[in-house]
Amino acid sequence: MKVKICGITSLEDAQAAVRAGADLLGFNFYPASPRYISPQACRAIAEVLRPTGVCLVGVFVNAGVEEVRSTLAECGLHLAQLSGDEPPEVLAELGGLAFKALRPADSQALDGMLARYPARASAPAWLLDAARPGEFGGTGQSADWRLAAGLAARAPLLLAGGLKPENVAAAVRQVRPWGVDVASGVESTTGRKDFHKMVEFIQAARRADLAAEPASAPRAGKYGPYGGQFAPEVLMPALAELEEAYAAAQSDAAFQAEFERLLAEYVGRPTPLSYAARLSEALGGARIYLKREDLAHTGAHKINNALGQALLARRMGKRRIVAETGAGQHGVASATAAALLGLECVVYMGEVDIARQQPNVQRMRLLGAEVRPVQSGSRTLKDAVNEAIRDWVANVGGTYYLLGSALGPHPYPAMVRDFQSVIGREARAQILAQAGRLPDACIACVGGGSNAIGLFQAFRADPGVALVGVEAGGEGLATGRHAARFGDPRKGRPGVLHGTFTYLLQDADGQVAQTHSISAGLDYPAVGPEHAFLHDSGRAEYTSAEDGEALAAFQMLARTEGILPALESAHAVAEAVRRAPKMSRGSILLVNLSGRGDKDLDTVLGLLDRQTGGAQ
Amino acid sequence: MNAPRDLNRKPTGLERIRAAFQAANRAGRAALMPYFTLGYPDAAASLEVIAAIAGAGADLIELGVPFSDPLADGPTIQRSTQAALEQGMTVRGCLELTARLRERGVSQALLLMGYANPMLAYGVELYAADAARAGADGLIIPDLPLEEAAQAQAACLANGLALVYLLSPASPPERIAAAAGATSGFLYLVSLNGVTGARSRLPEGLEGFVARARAAARTPVAVGFGISTPEQAAQVGRLADGVIVGSALIDSVSRSAQPARAAAEFVGNMLSALSPQPPGKGAGERSFVGEN
């Protein structure tokens, strides 16, 4: 679904539109339009925007071929939209450079227009607007959606006319256009675009488009439109084998009992729920409770899933496990589970992550695992997943792929969620026992999202409990250096990576984007598909914390509670720090402290050194 | 889904693919299908290399559409697609190169091989339409198994494109049957459990795998992954209707100061290895499964 924001009159609005996720921007050269822009002003904006890859469109009314051509060239625009009563020859002479805006009163009028103006060879073929005799361009009136649907079925149609955040979803469902065009519907006052309205509009259009995909029978492993099994053929039989083995293990009381025994006797569960009295006091609002996954064996929640899957691997008769790791926590957990169960273990880890998480690399080696450095791509978590999958593909018979987050092809997202759901089950019982009621919100950081989905699972049916996922805001969403899949609608769009359909940070060409976060565990371009579903359905909300906020939260928690959180978990703490002061003292925030911060000491001390160095 | 049907139209992609296999069959050999990455080492050079591959007589050509995370590919193709992306290659750029190959008179069947995400980002229907318009004859999407392919299948059908499914030695009989029934153009047999890349010898059990697939297939079957030498190609050519060679070709092009010449030479050597050596088997003796 493409979105064109039309009637741009300032650089500020243009940049906001690009940030909001627009694919095309329109500049109106019709002098009578309230959104008129001079070619000179347009050229200055276009110069700045061209590198973003957004398609820039000039809107003309009854201009001649030469005027259109020279204006496009002078301003550096890609396409012309002809919104007047141009003779068909003008369109023909401009060839692929122009598309026609049609404003038919009825189907007869439309047929007449189509005879005069054939479809442009590539998208968009036409634009369809509301009929308003004597007026040209955007009038704010709705087009005839029934006519539009017929036209959209013939060729890629750009639908315009009275669209706004409130009605665009209905229009998309009924018309199924190639793209939608909006001007006044996303403005605060005439000619001034409103960023939030643009975001709302674009997201509503894209969601409706996804939801309107041809309906297929609901399949296991789908979360709304998300999830699935986008895997090479060689893995499909292995995934089927895994699905079957996992289903059998789930209904096997002996398997479940063994898992629970290990969680209690080896991991040290249940982990405590700690009331953070001094932190709550310092913030002066909601009471904050911490679910202490940092106290699980190996220092993070990752061990819950690693043990569950390693038990499954052993049950399936696999002697070798491969795993990927970002921060090293899942690698350590996998190496630990493999040592405990006597399995061979190979961990793939990006070279960049190896450099910033040395203590965990040493830990894995001491536990008997082989750590294989990954040099391809960005040399971080996503590339480690690629290599782990390639290893699995090559050794599919005897090897088990122990995926560390609620990601990847089905059944991994469901399986990882199930093994992690012990977090939420314990936390729900503990908060009821300690506080006598459920929390107002559950907060967890979201990389792939396994600790978050494990916490959320127990509270999903509690309507009064808000579920809040915190993504890595990196150096700020505006800088592009972050890992906020939901937070950056321009780069974060549904796509396929590592076997699943989910929100994915990517460029306009569908190439996976580079990510950045202070925390290696959140530094990943995709998110678990169930989070994509929770996001779109509105059951969970997703926000982000920047590197600096996470670092400040890390320090605050250390000094008020005597706990060094993992930098990943510090993102969740940062969200609590933001929220608590605005809430009453009777309210409760439950924060998942997914891991401990010992592994991050080098990173944190380095950054703090630089901060104090800068202050001197 | 609304492609106009013109009786005086040029052949559809499917027809061109079928004709390519039939022509090779008439010559008494398996079809040779080289793979090369669009945009490697840069756009202009890849155009020369692919034109040379065509000029040297390849029967069909796979055009690699670069993706940032090619998880079914080994180091050689990874490096080539990465280099192409660094040179600014895009999906749109790949379609333009395809059109330019046609303008230069390349008449072979052309198959775009690329991962799902760039296609989804472009828009599945639009991608199929633009690919057909550019002159491509079919799509191969290694991370789009049957279960997820409904939309792509419909888009290919509407535009006369083949959508080629893959099978692996691990595929059980029911998956072989399903892929054989759904594929169009040909059936792509991945010779081994692993990623693309040159190997020193052919995998064991290949003969049985090809036989199982052939028994189910209604189209020609072609074997790819791990075929690097003319000798290996000849061995595979005795089993299958098509032989796909990628990494070894890219390796030899990468090593050479004259990429186009190296490519032509490579293809020439492969073709002579595939061709019947008199007094060997004649054309009439080859069994061949035509598409129904």
# chains A, B, ... in the order shown; residues from 1 in each chain; ligands from 1

call {"tool": "select_by_dssp", "arguments": {"residues": "stretch 69-126 of chain B", "states": "alpha helix (DSSP H)", "output": "short mmCIF file (atom, residue, chain, number, x, y, z; two decimals) with all heavy atoms, in the first residue's frame"}}
result
data_model
loop_
_atom_site.label_atom_id
_atom_site.label_comp_id
_atom_site.auth_asym_id
_atom_site.auth_seq_id
_atom_site.Cartn_x
_atom_site.Cartn_y
_atom_site.Cartn_z
N PRO B 75 28.92 -18.50 0.68
CA PRO B 75 29.76 -17.31 0.65
C PRO B 75 29.90 -16.65 -0.72
O PRO B 75 29.87 -15.42 -0.80
CB PRO B 75 31.13 -17.82 1.13
CG PRO B 75 30.84 -19.09 1.86
CD PRO B 75 29.60 -19.66 1.28
N THR B 76 30.02 -17.43 -1.80
CA THR B 76 30.26 -16.82 -3.11
C THR B 76 29.09 -15.93 -3.53
O THR B 76 29.28 -14.76 -3.89
CB THR B 76 30.46 -17.92 -4.18
OG1 THR B 76 31.61 -18.69 -3.82
CG2 THR B 76 30.67 -17.30 -5.55
N ILE B 77 27.89 -16.47 -3.48
CA ILE B 77 26.73 -15.67 -3.91
C ILE B 77 26.45 -14.56 -2.90
O ILE B 77 26.09 -13.45 -3.27
CB ILE B 77 25.51 -16.59 -4.17
CG1 ILE B 77 25.82 -17.46 -5.40
CG2 ILE B 77 24.24 -15.78 -4.40
CD1 ILE B 77 24.73 -18.42 -5.81
N GLN B 78 26.68 -14.85 -1.60
CA GLN B 78 26.54 -13.78 -0.60
C GLN B 78 27.41 -12.58 -0.95
O GLN B 78 26.98 -11.44 -0.91
CB GLN B 78 26.99 -14.27 0.78
CG GLN B 78 25.99 -15.08 1.55
CD GLN B 78 26.60 -15.52 2.87
OE1 GLN B 78 27.16 -14.72 3.62
NE2 GLN B 78 26.51 -16.79 3.16
N ARG B 79 28.68 -12.88 -1.28
CA ARG B 79 29.61 -11.79 -1.59
C ARG B 79 29.16 -11.04 -2.84
O ARG B 79 29.23 -9.81 -2.89
CB ARG B 79 31.02 -12.34 -1.80
CG ARG B 79 31.85 -12.38 -0.52
CD ARG B 79 33.34 -12.56 -0.83
NE ARG B 79 33.60 -13.78 -1.59
CZ ARG B 79 33.84 -14.97 -1.02
NH1 ARG B 79 33.86 -15.09 0.28
NH2 ARG B 79 34.06 -16.03 -1.79
N SER B 80 28.66 -11.77 -3.82
CA SER B 80 28.28 -11.10 -5.07
C SER B 80 27.05 -10.22 -4.87
O SER B 80 26.99 -9.10 -5.37
CB SER B 80 28.05 -12.13 -6.18
OG SER B 80 26.84 -12.84 -5.95
N THR B 81 26.07 -10.72 -4.10
CA THR B 81 24.86 -9.91 -3.91
C THR B 81 25.17 -8.71 -3.01
O THR B 81 24.65 -7.61 -3.22
CB THR B 81 23.70 -10.74 -3.32
OG1 THR B 81 24.16 -11.40 -2.14
CG2 THR B 81 23.24 -11.79 -4.30
N GLN B 82 26.04 -8.93 -2.03
CA GLN B 82 26.43 -7.82 -1.15
C GLN B 82 27.12 -6.72 -1.97
O GLN B 82 26.83 -5.54 -1.81
CB GLN B 82 27.38 -8.36 -0.05
CG GLN B 82 27.68 -7.38 1.06
CD GLN B 82 26.43 -6.98 1.82
OE1 GLN B 82 25.54 -7.79 2.04
NE2 GLN B 82 26.33 -5.70 2.19
N ALA B 83 28.03 -7.15 -2.84
CA ALA B 83 28.74 -6.18 -3.69
C ALA B 83 27.75 -5.44 -4.58
O ALA B 83 27.86 -4.22 -4.77
CB ALA B 83 29.79 -6.89 -4.53
N ALA B 84 26.78 -6.17 -5.13
CA ALA B 84 25.79 -5.52 -6.00
C ALA B 84 25.00 -4.47 -5.22
O ALA B 84 24.75 -3.37 -5.72
CB ALA B 84 24.86 -6.57 -6.59
N LEU B 85 24.61 -4.81 -3.98
CA LEU B 85 23.86 -3.85 -3.17
C LEU B 85 24.72 -2.63 -2.86
O LEU B 85 24.24 -1.50 -2.88
CB LEU B 85 23.37 -4.50 -1.87
CG LEU B 85 22.27 -5.55 -2.02
CD1 LEU B 85 21.98 -6.22 -0.69
CD2 LEU B 85 21.00 -4.91 -2.57
N GLU B 86 25.98 -2.88 -2.56
CA GLU B 86 26.87 -1.75 -2.27
C GLU B 86 27.03 -0.83 -3.47
O GLU B 86 27.27 0.36 -3.33
CB GLU B 86 28.24 -2.26 -1.78
CG GLU B 86 28.19 -2.68 -0.32
CD GLU B 86 29.34 -3.59 0.08
OE1 GLU B 86 30.30 -3.71 -0.70
OE2 GLU B 86 29.26 -4.20 1.17
N VAL B 91 15.72 -3.58 -6.72
CA VAL B 91 14.79 -4.42 -7.47
C VAL B 91 14.46 -3.75 -8.80
O VAL B 91 14.48 -4.37 -9.86
CB VAL B 91 13.51 -4.67 -6.65
CG1 VAL B 91 12.47 -5.39 -7.51
CG2 VAL B 91 13.83 -5.47 -5.41
N ARG B 92 14.16 -2.47 -8.72
CA ARG B 92 13.85 -1.73 -9.94
C ARG B 92 15.02 -1.80 -10.93
O ARG B 92 14.84 -2.01 -12.13
CB ARG B 92 13.54 -0.26 -9.58
CG ARG B 92 12.83 0.52 -10.63
CD ARG B 92 12.39 1.88 -10.08
NE ARG B 92 11.41 1.75 -9.01
CZ ARG B 92 10.12 1.50 -9.21
NH1 ARG B 92 9.66 1.36 -10.44
NH2 ARG B 92 9.29 1.39 -8.20
N GLY B 93 16.23 -1.66 -10.38
CA GLY B 93 17.43 -1.74 -11.21
C GLY B 93 17.54 -3.11 -11.88
O GLY B 93 17.94 -3.22 -13.04
N CYS B 94 17.18 -4.16 -11.13
CA CYS B 94 17.24 -5.52 -11.69
C CYS B 94 16.26 -5.66 -12.86
O CYS B 94 16.57 -6.29 -13.87
CB CYS B 94 16.90 -6.56 -10.62
SG CYS B 94 18.21 -6.77 -9.41
N LEU B 95 15.07 -5.08 -12.69
CA LEU B 95 14.08 -5.17 -13.76
C LEU B 95 14.56 -4.39 -14.99
O LEU B 95 14.37 -4.82 -16.13
CB LEU B 95 12.73 -4.65 -13.28
CG LEU B 95 12.11 -5.48 -12.14
CD1 LEU B 95 10.83 -4.82 -11.63
CD2 LEU B 95 11.81 -6.90 -12.59
N GLU B 96 15.21 -3.25 -14.73
CA GLU B 96 15.74 -2.47 -15.86
C GLU B 96 16.82 -3.25 -16.60
O GLU B 96 16.86 -3.25 -17.84
CB GLU B 96 16.29 -1.13 -15.37
CG GLU B 96 15.19 -0.10 -15.18
CD GLU B 96 15.62 1.09 -14.32
OE1 GLU B 96 16.85 1.29 -14.16
OE2 GLU B 96 14.73 1.80 -13.82
N LEU B 97 17.70 -3.92 -15.84
CA LEU B 97 18.75 -4.70 -16.49
C LEU B 97 18.15 -5.84 -17.32
O LEU B 97 18.62 -6.14 -18.41
CB LEU B 97 19.71 -5.28 -15.44
CG LEU B 97 20.69 -4.29 -14.80
CD1 LEU B 97 21.58 -5.01 -13.78
CD2 LEU B 97 21.57 -3.63 -15.86
N THR B 98 17.10 -6.44 -16.77
CA THR B 98 16.43 -7.51 -17.51
C THR B 98 15.91 -6.97 -18.85
O THR B 98 16.10 -7.59 -19.90
CB THR B 98 15.26 -8.07 -16.67
OG1 THR B 98 15.77 -8.46 -15.40
CG2 THR B 98 14.61 -9.26 -17.35
N ALA B 99 15.26 -5.80 -18.78
CA ALA B 99 14.73 -5.20 -20.01
C ALA B 99 15.87 -4.90 -20.99
O ALA B 99 15.74 -5.09 -22.20
CB ALA B 99 13.96 -3.94 -19.68
N ARG B 100 17.00 -4.47 -20.45
CA ARG B 100 18.12 -4.14 -21.35
C ARG B 100 18.72 -5.39 -21.99
O ARG B 100 19.19 -5.35 -23.12
CB ARG B 100 19.17 -3.32 -20.60
CG ARG B 100 18.66 -1.89 -20.43
CD ARG B 100 19.60 -0.97 -19.72
NE ARG B 100 20.95 -0.93 -20.26
CZ ARG B 100 21.98 -0.42 -19.58
NH1 ARG B 100 21.78 0.05 -18.36
NH2 ARG B 100 23.17 -0.39 -20.13
N LEU B 101 18.69 -6.50 -21.26
CA LEU B 101 19.15 -7.76 -21.86
C LEU B 101 18.27 -8.10 -23.06
O LEU B 101 18.77 -8.52 -24.11
CB LEU B 101 19.11 -8.88 -20.83
CG LEU B 101 20.20 -8.84 -19.77
CD1 LEU B 101 19.91 -9.84 -18.65
CD2 LEU B 101 21.57 -9.14 -20.39
N ARG B 102 16.96 -7.90 -22.88
CA ARG B 102 16.05 -8.18 -24.01
C ARG B 102 16.33 -7.24 -25.16
O ARG B 102 16.33 -7.65 -26.32
CB ARG B 102 14.60 -8.04 -23.54
CG ARG B 102 14.12 -9.16 -22.63
CD ARG B 102 14.19 -10.51 -23.32
NE ARG B 102 13.60 -11.57 -22.51
CZ ARG B 102 14.05 -12.81 -22.48
NH1 ARG B 102 15.10 -13.16 -23.21
NH2 ARG B 102 13.46 -13.72 -21.74
N GLU B 103 16.57 -5.94 -24.83
CA GLU B 103 16.86 -4.97 -25.90
C GLU B 103 18.10 -5.39 -26.67
O GLU B 103 18.22 -5.14 -27.87
CB GLU B 103 17.11 -3.58 -25.30
CG GLU B 103 15.84 -2.84 -24.93
CD GLU B 103 16.12 -1.68 -23.99
OE1 GLU B 103 17.28 -1.20 -23.95
OE2 GLU B 103 15.19 -1.27 -23.28
N ALA B 116 11.98 -13.33 -0.79
CA ALA B 116 10.60 -12.84 -0.71
C ALA B 116 10.52 -11.35 -0.36
O ALA B 116 9.68 -10.64 -0.92
CB ALA B 116 9.82 -13.66 0.32
N ASN B 117 11.36 -10.87 0.55
CA ASN B 117 11.08 -9.54 1.08
C ASN B 117 11.17 -8.40 0.06
O ASN B 117 10.28 -7.55 0.03
CB ASN B 117 11.92 -9.22 2.31
CG ASN B 117 11.34 -8.07 3.08
OD1 ASN B 117 10.17 -8.12 3.49
ND2 ASN B 117 12.09 -6.99 3.20
N PRO B 118 12.20 -8.35 -0.78
CA PRO B 118 12.21 -7.26 -1.76
C PRO B 118 10.98 -7.31 -2.68
O PRO B 118 10.45 -6.26 -3.06
CB PRO B 118 13.51 -7.52 -2.55
CG PRO B 118 14.38 -8.24 -1.59
CD PRO B 118 13.46 -9.12 -0.80
N MET B 119 10.52 -8.51 -2.98
CA MET B 119 9.31 -8.63 -3.80
C MET B 119 8.09 -8.10 -3.06
O MET B 119 7.26 -7.38 -3.62
CB MET B 119 9.12 -10.10 -4.18
CG MET B 119 7.85 -10.36 -4.96
SD MET B 119 7.60 -12.12 -5.28
CE MET B 119 7.16 -12.71 -3.66
N LEU B 120 7.98 -8.44 -1.77
CA LEU B 120 6.85 -7.94 -0.98
C LEU B 120 6.90 -6.42 -0.88
O LEU B 120 5.88 -5.74 -0.96
CB LEU B 120 6.88 -8.53 0.44
CG LEU B 120 6.57 -10.00 0.57
CD1 LEU B 120 6.71 -10.44 2.02
CD2 LEU B 120 5.15 -10.29 0.08
N ALA B 121 8.10 -5.88 -0.70
CA ALA B 121 8.24 -4.43 -0.56
C ALA B 121 7.84 -3.74 -1.86
O ALA B 121 7.26 -2.66 -1.85
CB ALA B 121 9.68 -4.07 -0.18
N TYR B 122 8.14 -4.37 -2.97
CA TYR B 122 7.80 -3.80 -4.29
C TYR B 122 6.31 -3.93 -4.53
O TYR B 122 5.70 -3.09 -5.21
CB TYR B 122 8.58 -4.58 -5.35
CG TYR B 122 8.62 -3.95 -6.72
CD1 TYR B 122 9.69 -3.15 -7.11
CD2 TYR B 122 7.61 -4.17 -7.64
CE1 TYR B 122 9.75 -2.58 -8.35
CE2 TYR B 122 7.65 -3.60 -8.91
CZ TYR B 122 8.72 -2.81 -9.26
OH TYR B 122 8.78 -2.25 -10.51
N VAL B 124 3.68 -7.57 -4.62
CA VAL B 124 3.76 -8.85 -5.33
C VAL B 124 3.18 -8.75 -6.74
O VAL B 124 3.80 -9.15 -7.72
CB VAL B 124 3.06 -9.97 -4.53
CG1 VAL B 124 3.05 -11.26 -5.32
CG2 VAL B 124 3.76 -10.18 -3.20
N GLU B 125 1.97 -8.17 -6.85
CA GLU B 125 1.30 -8.09 -8.15
C GLU B 125 2.10 -7.21 -9.12
O GLU B 125 2.27 -7.52 -10.29
CB GLU B 125 -0.12 -7.53 -8.02
CG GLU B 125 -1.12 -8.51 -7.39
CD GLU B 125 -0.98 -8.59 -5.89
OE1 GLU B 125 -0.29 -7.72 -5.29
OE2 GLU B 125 -1.56 -9.52 -5.29
N LEU B 126 2.57 -6.11 -8.56
CA LEU B 126 3.31 -5.16 -9.38
C LEU B 126 4.63 -5.76 -9.84
O LEU B 126 5.06 -5.57 -10.99
CB LEU B 126 3.56 -3.91 -8.53
CG LEU B 126 3.83 -2.63 -9.29
CD1 LEU B 126 2.68 -2.31 -10.22
CD2 LEU B 126 4.05 -1.49 -8.30
#

call {"tool": "select_by_dssp", "arguments": {"residues": "stretch 316-379 of chain A", "states": "strand (DSSP E or B)", "output": "mmCIF file with C-alpha atoms, in the first residue's frame"}}
result
data_model
loop_
_atom_site.group_PDB
_atom_site.id
_atom_site.type_symbol
_atom_site.label_atom_id
_atom_site.label_comp_id
_atom_site.auth_asym_id
_atom_site.auth_seq_id
_atom_site.Cartn_x
_atom_site.Cartn_y
_atom_site.Cartn_z
ATOM 1 C CA ARG A 320 24.111 -31.265 18.387
ATOM 2 C CA ILE A 321 22.554 -27.857 18.907
ATOM 3 C CA VAL A 322 23.300 -24.626 17.079
ATOM 4 C CA ALA A 323 22.251 -21.252 18.420
ATOM 5 C CA GLU A 324 22.653 -17.580 17.590
ATOM 6 C CA THR A 325 23.373 -14.926 20.144
ATOM 7 C CA GLU A 344 27.332 -30.601 21.529
ATOM 8 C CA CYS A 345 26.840 -26.843 21.157
ATOM 9 C CA VAL A 346 27.889 -24.341 18.470
ATOM 10 C CA VAL A 347 27.020 -20.676 18.959
ATOM 11 C CA TYR A 348 27.099 -18.133 16.122
ATOM 12 C CA MET A 349 27.866 -14.589 17.209
ATOM 13 C CA GLY A 350 28.555 -11.453 15.178
ATOM 14 C CA GLU A 370 32.244 -23.480 20.284
ATOM 15 C CA VAL A 371 31.730 -19.791 19.497
ATOM 16 C CA ARG A 372 31.883 -19.115 15.745
ATOM 17 C CA PRO A 373 32.437 -15.473 14.791
ATOM 18 C CA VAL A 374 30.157 -14.196 12.029
#

call {"tool": "residues_around", "arguments": {"residues": "A:Ile518", "least_positions_apart": "5", "cutoff": "12 Å", "atoms": "only C-alpha atoms", "output": "ChimeraX atom specification"}}
result
/A:326-327,353,356-357,471-476,481-483,523-524,545-551,554,566-571,600,602-604,606-607

call {"tool": "interface_residues", "arguments": {"of": "chain B", "to": "chain A", "cutoff": "7 Å", "atoms": "only C-alpha atoms", "output": "PyMOL selection string"}}
result
chain B and resi 2+67-68+71-72+90-91+116-118+120-122+142-145+148+166-168+170-171+193-195

call {"tool": "write_last_selection", "arguments": {"atoms": "N, CA and C atoms", "output": "mmCIF file, in the first residue's frame"}}
result
data_model
loop_
_atom_site.group_PDB
_atom_site.id
_atom_site.type_symbol
_atom_site.label_atom_id
_atom_site.label_comp_id
_atom_site.auth_asym_id
_atom_site.auth_seq_id
_atom_site.Cartn_x
_atom_site.Cartn_y
_atom_site.Cartn_z
ATOM 1 N N ASN B 2 -5.816 -9.508 -14.226
ATOM 2 C CA ASN B 2 -6.624 -8.973 -15.300
ATOM 3 C C ASN B 2 -5.792 -8.735 -16.549
ATOM 4 N N PHE B 67 19.610 -9.542 -2.227
ATOM 5 C CA PHE B 67 18.907 -9.284 -0.956
ATOM 6 C C PHE B 67 19.965 -9.232 0.145
ATOM 7 N N SER B 68 19.705 -8.394 1.129
ATOM 8 C CA SER B 68 20.688 -8.189 2.199
ATOM 9 C C SER B 68 20.925 -9.443 3.037
ATOM 10 N N LEU B 71 19.695 -16.183 3.043
ATOM 11 C CA LEU B 71 20.074 -17.266 3.950
ATOM 12 C C LEU B 71 20.147 -18.645 3.305
ATOM 13 N N ALA B 72 19.764 -18.754 2.034
ATOM 14 C CA ALA B 72 19.970 -20.046 1.375
ATOM 15 C C ALA B 72 21.260 -20.053 0.552
ATOM 16 N N THR B 90 19.090 -2.250 -7.047
ATOM 17 C CA THR B 90 17.768 -2.329 -6.427
ATOM 18 C C THR B 90 16.906 -3.295 -7.232
ATOM 19 N N VAL B 91 15.719 -3.577 -6.717
ATOM 20 C CA VAL B 91 14.791 -4.421 -7.467
ATOM 21 C C VAL B 91 14.458 -3.748 -8.796
ATOM 22 N N ALA B 116 11.982 -13.335 -0.791
ATOM 23 C CA ALA B 116 10.605 -12.837 -0.710
ATOM 24 C C ALA B 116 10.517 -11.352 -0.360
ATOM 25 N N ASN B 117 11.359 -10.874 0.554
ATOM 26 C CA ASN B 117 11.076 -9.538 1.081
ATOM 27 C C ASN B 117 11.165 -8.399 0.064
ATOM 28 N N PRO B 118 12.201 -8.354 -0.776
ATOM 29 C CA PRO B 118 12.209 -7.264 -1.763
ATOM 30 C C PRO B 118 10.978 -7.308 -2.678
ATOM 31 N N LEU B 120 7.976 -8.440 -1.768
ATOM 32 C CA LEU B 120 6.846 -7.937 -0.981
ATOM 33 C C LEU B 120 6.903 -6.421 -0.882
ATOM 34 N N ALA B 121 8.102 -5.883 -0.699
ATOM 35 C CA ALA B 121 8.236 -4.429 -0.562
ATOM 36 C C ALA B 121 7.840 -3.742 -1.865
ATOM 37 N N TYR B 122 8.138 -4.368 -2.974
ATOM 38 C CA TYR B 122 7.803 -3.801 -4.289
ATOM 39 C C TYR B 122 6.307 -3.926 -4.535
ATOM 40 N N PRO B 142 13.460 -18.540 -3.160
ATOM 41 C CA PRO B 142 13.897 -19.662 -2.323
ATOM 42 C C PRO B 142 13.282 -19.689 -0.924
ATOM 43 N N ASP B 143 12.802 -18.556 -0.411
ATOM 44 C CA ASP B 143 12.210 -18.609 0.932
ATOM 45 C C ASP B 143 10.686 -18.458 0.881
ATOM 46 N N LEU B 144 10.104 -18.864 -0.222
ATOM 47 C CA LEU B 144 8.644 -18.826 -0.326
ATOM 48 C C LEU B 144 8.137 -20.236 -0.623
ATOM 49 N N PRO B 145 7.979 -21.062 0.402
ATOM 50 C CA PRO B 145 7.496 -22.416 0.163
ATOM 51 C C PRO B 145 6.026 -22.379 -0.270
ATOM 52 N N GLU B 148 3.156 -20.561 1.565
ATOM 53 C CA GLU B 148 3.054 -19.103 1.655
ATOM 54 C C GLU B 148 2.909 -18.454 0.284
ATOM 55 N N LEU B 166 10.900 -25.404 -5.350
ATOM 56 C CA LEU B 166 12.120 -26.148 -5.072
ATOM 57 C C LEU B 166 11.816 -27.376 -4.229
ATOM 58 N N LEU B 167 12.665 -28.380 -4.379
ATOM 59 C CA LEU B 167 12.590 -29.561 -3.526
ATOM 60 C C LEU B 167 13.983 -29.861 -3.015
ATOM 61 N N SER B 168 14.063 -30.508 -1.855
ATOM 62 C CA SER B 168 15.370 -30.884 -1.320
ATOM 63 C C SER B 168 15.384 -32.383 -1.101
ATOM 64 N N ALA B 170 15.589 -33.842 1.453
ATOM 65 C CA ALA B 170 14.842 -34.171 2.663
ATOM 66 C C ALA B 170 13.334 -34.134 2.445
ATOM 67 N N SER B 171 12.895 -33.644 1.279
ATOM 68 C CA SER B 171 11.452 -33.515 1.053
ATOM 69 C C SER B 171 10.782 -34.886 1.046
ATOM 70 N N ASN B 193 21.507 -31.034 1.174
ATOM 71 C CA ASN B 193 21.081 -30.254 2.321
ATOM 72 C C ASN B 193 22.172 -29.234 2.600
ATOM 73 N N GLY B 194 21.943 -28.014 2.210
ATOM 74 C CA GLY B 194 22.973 -27.019 2.426
ATOM 75 C C GLY B 194 22.688 -25.789 1.605
ATOM 76 N N VAL B 195 23.615 -24.835 1.650
ATOM 77 C CA VAL B 195 23.448 -23.585 0.924
ATOM 78 C C VAL B 195 24.132 -23.712 -0.427
#

call {"tool": "closest_atom_pairs", "arguments": {"of": "stretch 120-192 of chain B", "to": "stretch 202-226 of chain B", "cutoff": "10 Å", "atoms": "only C-alpha atoms", "output": "JSON lines"}}
result
{"residue": "B:Leu166", "atom": "CA", "partner": "B:Val223", "partner_atom": "CA", "distance": 9.7}
{"residue": "B:Leu167", "atom": "CA", "partner": "B:Ala213", "partner_atom": "CA", "distance": 8.3}
{"residue": "B:Ser168", "atom": "CA", "partner": "B:Phe209", "partner_atom": "CA", "distance": 8.4}
{"residue": "B:Pro169", "atom": "CA", "partner": "B:Phe209", "partner_atom": "CA", "distance": 6.0}
{"residue": "B:Ala170", "atom": "CA", "partner": "B:Phe209", "partner_atom": "CA", "distance": 9.1}
{"residue": "B:Ser171", "atom": "CA", "partner": "B:Phe209", "partner_atom": "CA", "distance": 9.3}
{"residue": "B:Pro172", "atom": "CA", "partner": "B:Arg212", "partner_atom": "CA", "distance": 9.9}
{"residue": "B:Pro173", "atom": "CA", "partner": "B:Arg212", "partner_atom": "CA", "distance": 8.2}
{"residue": "B:Ile176", "atom": "CA", "partner": "B:Ala213", "partner_atom": "CA", "distance": 6.3}
{"residue": "B:Ala177", "atom": "CA", "partner": "B:Ala216", "partner_atom": "CA", "distance": 5.8}
{"residue": "B:Ala178", "atom": "CA", "partner": "B:Ala216", "partner_atom": "CA", "distance": 9.0}
{"residue": "B:Ala179", "atom": "CA", "partner": "B:Ala217", "partner_atom": "CA", "distance": 8.5}
{"residue": "B:Ala180", "atom": "CA", "partner": "B:Ala217", "partner_atom": "CA", "distance": 4.9}
{"residue": "B:Gly181", "atom": "CA", "partner": "B:Ala217", "partner_atom": "CA", "distance": 7.2}
{"residue": "B:Ala182", "atom": "CA", "partner": "B:Arg218", "partner_atom": "CA", "distance": 9.6}
{"residue": "B:Thr183", "atom": "CA", "partner": "B:Thr219", "partner_atom": "CA", "distance": 7.9}
{"residue": "B:Ser184", "atom": "CA", "partner": "B:Thr219", "partner_atom": "CA", "distance": 7.1}
{"residue": "B:Gly185", "atom": "CA", "partner": "B:Thr219", "partner_atom": "CA", "distance": 6.5}
{"residue": "B:Phe186", "atom": "CA", "partner": "B:Pro220", "partner_atom": "CA", "distance": 4.9}
{"residue": "B:Leu187", "atom": "CA", "partner": "B:Val221", "partner_atom": "CA", "distance": 4.7}
{"residue": "B:Tyr188", "atom": "CA", "partner": "B:Ala222", "partner_atom": "CA", "distance": 5.2}
{"residue": "B:Leu189", "atom": "CA", "partner": "B:Val223", "partner_atom": "CA", "distance": 4.7}
{"residue": "B:Val190", "atom": "CA", "partner": "B:Gly224", "partner_atom": "CA", "distance": 5.4}
{"residue": "B:Ser191", "atom": "CA", "partner": "B:Phe225", "partner_atom": "CA", "distance": 5.7}
{"residue": "B:Leu192", "atom": "CA", "partner": "B:Pro203", "partner_atom": "CA", "distance": 6.2}
